[in-house]
Amino acid sequence: VQLVESGGGLVQPGGSLRLSCAASGFTFRSAAMSWYRQAPGKGRELVARVSSVSDSTNYADSVKGRFTISRDNAKNTVYLQMNSLKPEDTAVYYCLAYTSTRSNYWGQGTQVTVSS
């Protein structure tokens, strides 16, 4: 199983980034996919989740209306579109797959820094 995140970087407040997580080694369409983040000195928190069946989504209150999670089952990829970024969004962002075998797999993370 492999999850490879990309798309992180440095962006000014109010800017946008799109993160991607390319998955392999499991049945992607059957997995619930999530994005988590961990800021310096803080615990890892759920940012957004998309289900495997109905593509229903859930978001942390802090990102509702600004972030959008989506998935492309043909490309085995999940995305996180982040708009109106704030300095408090600065963190390492991780992709998580919860598979049909009830296993959790994490990516290596990608750094997002929001600063002027």
# chains A, B, ... in the order shown; residues from 1 in each chain; ligands from 1
call {"tool": "residues_around", "arguments": {"residues": "A:Gly14", "least_positions_apart": "3", "cutoff": "8 Å", "atoms": "only C-alpha atoms", "output": "ChimeraX atom specification"}}
result
/A:83-86
call {"tool": "residues_around", "arguments": {"residues": "A:Ser20", "least_positions_apart": "6", "cutoff": "8 Å", "atoms": "only C-alpha atoms", "output": "PyMOL selection string"}}
result
chain A and resi 4-7+77-80
call {"tool": "write_last_selection", "arguments": {"atoms": "N, CA and C atoms", "output": "compact mmCIF listing (two decimals), in the first residue's frame"}}
result
# COMPACT_ATOMS: atom_id res chain seq x y z
N VAL A 4 0.79 8.74 -1.67
CA VAL A 4 1.78 9.77 -1.94
C VAL A 4 1.07 11.11 -2.08
N GLU A 5 1.33 11.99 -1.10
CA GLU A 5 0.74 13.33 -1.14
C GLU A 5 1.64 14.27 -1.92
N SER A 6 1.02 15.27 -2.53
CA SER A 6 1.74 16.31 -3.23
C SER A 6 0.89 17.57 -3.24
N GLY A 7 1.53 18.68 -3.63
CA GLY A 7 0.79 19.92 -3.78
C GLY A 7 0.98 20.92 -2.65
N THR A 77 -7.10 8.69 -6.81
CA THR A 77 -6.57 9.91 -6.21
C THR A 77 -7.66 10.65 -5.44
N VAL A 78 -7.26 11.18 -4.31
CA VAL A 78 -8.14 12.05 -3.54
C VAL A 78 -7.50 13.43 -3.48
N TYR A 79 -8.33 14.45 -3.52
CA TYR A 79 -7.86 15.83 -3.56
C TYR A 79 -8.39 16.62 -2.37
N LEU A 80 -7.67 17.68 -2.04
CA LEU A 80 -8.16 18.65 -1.07
C LEU A 80 -7.90 20.04 -1.66
call {"tool": "residues_around", "arguments": {"residues": "stretch 34-43 of chain A", "least_positions_apart": "5", "cutoff": "12 Å", "atoms": "only C-alpha atoms", "output": "JSON list (two decimals) with C-alpha atoms, in the first residue's frame"}}
result
[["chain", "number", "residue", "atom", "x", "y", "z"],
["A", 3, "LEU", "CA", -0.18, 6.89, -0.44],
["A", 5, "GLU", "CA", 0.74, 13.33, -1.14],
["A", 8, "GLY", "CA", 1.94, 21.48, -0.54],
["A", 19, "LEU", "CA", -3.35, 18.78, -2.42],
["A", 20, "SER", "CA", -3.36, 15.39, -4.12],
["A", 21, "CYS", "CA", -2.98, 11.92, -2.68],
["A", 48, "ALA", "CA", -12.08, 16.31, 5.74],
["A", 49, "ARG", "CA", -13.37, 12.89, 4.81],
["A", 50, "VAL", "CA", -15.09, 11.38, 1.77],
["A", 51, "SER", "CA", -16.88, 8.06, 1.98],
["A", 52, "SER", "CA", -16.41, 5.11, -0.32],
["A", 55, "ASP", "CA", -19.13, 10.09, -1.78],
["A", 56, "SER", "CA", -20.61, 11.86, 1.21],
["A", 57, "THR", "CA", -18.25, 14.34, 2.82],
["A", 58, "ASN", "CA", -17.50, 15.67, 6.29],
["A", 59, "TYR", "CA", -15.42, 18.67, 7.30],
["A", 60, "ALA", "CA", -13.89, 20.12, 10.41],
["A", 63, "VAL", "CA", -12.42, 24.56, 7.26],
["A", 67, "PHE", "CA", -11.89, 23.43, 1.78],
["A", 68, "THR", "CA", -13.35, 20.81, -0.55],
["A", 69, "ILE", "CA", -12.45, 17.14, -0.59],
["A", 70, "SER", "CA", -13.06, 15.09, -3.72],
["A", 71, "ARG", "CA", -12.00, 11.77, -5.20],
["A", 77, "THR", "CA", -6.57, 9.91, -6.21],
["A", 78, "VAL", "CA", -8.14, 12.05, -3.54],
["A", 79, "TYR", "CA", -7.86, 15.83, -3.56],
["A", 80, "LEU", "CA", -8.16, 18.65, -1.07],
["A", 81, "GLN", "CA", -8.89, 22.05, -2.58],
["A", 82, "MET", "CA", -7.99, 24.71, -0.03],
["A", 87, "PRO", "CA", -1.96, 31.24, 8.86],
["A", 88, "GLU", "CA", -3.65, 28.81, 11.25],
["A", 89, "ASP", "CA", -3.96, 26.34, 8.37],
["A", 90, "THR", "CA", -0.19, 25.91, 8.48],
["A", 91, "ALA", "CA", 0.52, 22.24, 9.15],
["A", 92, "VAL", "CA", 1.70, 18.99, 7.68],
["A", 93, "TYR", "CA", -1.22, 17.47, 5.81],
["A", 94, "TYR", "CA", -1.63, 13.70, 5.72],
["A", 95, "CYS", "CA", -3.78, 11.43, 3.61],
["A", 96, "LEU", "CA", -5.47, 8.46, 5.31],
["A", 97, "ALA", "CA", -7.11, 5.47, 3.68],
["A", 98, "TYR", "CA", -9.57, 3.31, 5.61],
["A", 99, "THR", "CA", -9.92, 0.24, 3.46],
["A", 104, "ASN", "CA", -5.70, 2.31, 8.11],
["A", 105, "TYR", "CA", -2.88, 3.53, 5.92],
["A", 106, "TRP", "CA", -1.14, 6.90, 6.13],
["A", 107, "GLY", "CA", 0.81, 8.89, 3.60],
["A", 108, "GLN", "CA", 4.10, 10.59, 4.42],
["A", 109, "GLY", "CA", 2.60, 14.08, 4.60],
["A", 110, "THR", "CA", 3.05, 17.33, 2.73],
["A", 111, "GLN", "CA", 3.88, 20.68, 4.32],
["A", 112, "VAL", "CA", 1.51, 23.62, 3.90],
["A", 113, "THR", "CA", 2.73, 26.99, 5.11],
["A", 114, "VAL", "CA", 0.49, 30.05, 5.02]]
call {"tool": "select_by_dssp", "arguments": {"residues": "stretch 47-91 of chain A", "states": "strand (DSSP E or B)", "output": "list in words"}}
result
Val47, Ala48, Arg49, Val50, Thr57, Asn58, Tyr59, Phe67, Thr68, Ile69, Ser70, Arg71, Asp72, Thr77, Val78, Tyr79, Leu80, Gln81, Met82 and Ala91 of chain A
call {"tool": "closest_residue", "arguments": {"among": "A:Ser116, A:Ser62, A:Ser100, A:Gln2", "to": "A:Ala23", "atoms": "only C-alpha atoms"}}
result
A:Gln2
call {"tool": "select_by_dssp", "arguments": {"residues": "stretch 26-96 of chain A", "states": "helix (DSSP H, G or I)", "output": "PyMOL selection string"}}
result
chain A and resi 28-30+87-89
call {"tool": "write_last_selection", "arguments": {"atoms": "all heavy atoms", "output": "short mmCIF file (atom, residue, chain, number, x, y, z; two decimals), in the first residue's frame"}}
result
data_model
loop_
_atom_site.label_atom_id
_atom_site.label_comp_id
_atom_site.auth_asym_id
_atom_site.auth_seq_id
_atom_site.Cartn_x
_atom_site.Cartn_y
_atom_site.Cartn_z
N PHE A 28 -9.11 1.18 -4.20
CA PHE A 28 -9.32 2.57 -3.84
C PHE A 28 -10.81 2.91 -3.71
O PHE A 28 -11.22 3.57 -2.78
CB PHE A 28 -8.66 3.47 -4.88
CG PHE A 28 -8.81 4.94 -4.60
CD1 PHE A 28 -8.00 5.58 -3.67
CD2 PHE A 28 -9.77 5.68 -5.27
CE1 PHE A 28 -8.13 6.93 -3.41
CE2 PHE A 28 -9.92 7.03 -5.03
CZ PHE A 28 -9.10 7.66 -4.09
N ARG A 29 -11.61 2.43 -4.67
CA ARG A 29 -13.02 2.84 -4.69
C ARG A 29 -13.78 2.34 -3.47
O ARG A 29 -14.85 2.87 -3.15
CB ARG A 29 -13.70 2.33 -5.95
CG ARG A 29 -13.80 0.83 -6.05
CD ARG A 29 -14.46 0.38 -7.34
NE ARG A 29 -14.60 -1.07 -7.42
CZ ARG A 29 -13.63 -1.86 -7.84
NH1 ARG A 29 -12.48 -1.35 -8.23
NH2 ARG A 29 -13.81 -3.17 -7.88
N SER A 30 -13.22 1.34 -2.79
CA SER A 30 -13.88 0.78 -1.61
C SER A 30 -13.38 1.39 -0.30
O SER A 30 -13.81 0.98 0.78
CB SER A 30 -13.66 -0.74 -1.55
OG SER A 30 -14.23 -1.38 -2.68
N PRO A 87 -3.20 31.71 8.20
CA PRO A 87 -1.96 31.24 8.86
C PRO A 87 -2.20 30.04 9.76
O PRO A 87 -1.32 29.17 9.86
CB PRO A 87 -1.53 32.47 9.66
CG PRO A 87 -2.05 33.63 8.87
CD PRO A 87 -3.37 33.17 8.33
N GLU A 88 -3.36 29.95 10.37
CA GLU A 88 -3.65 28.81 11.25
C GLU A 88 -3.87 27.50 10.49
O GLU A 88 -4.02 26.45 11.11
CB GLU A 88 -4.84 29.11 12.16
CG GLU A 88 -6.08 29.60 11.44
CD GLU A 88 -6.20 31.12 11.46
OE1 GLU A 88 -5.18 31.80 11.23
OE2 GLU A 88 -7.33 31.61 11.67
N ASP A 89 -3.90 27.56 9.17
CA ASP A 89 -3.96 26.34 8.37
C ASP A 89 -2.58 25.72 8.17
O ASP A 89 -2.47 24.63 7.60
CB ASP A 89 -4.59 26.62 6.99
CG ASP A 89 -6.04 27.04 7.08
OD1 ASP A 89 -6.79 26.44 7.87
OD2 ASP A 89 -6.42 27.98 6.35
#
call {"tool": "atom_distance", "arguments": {"atom1": "atom CA of A:Val1", "atom2": "atom CA of A:Ser24"}}
result
5.7 Å
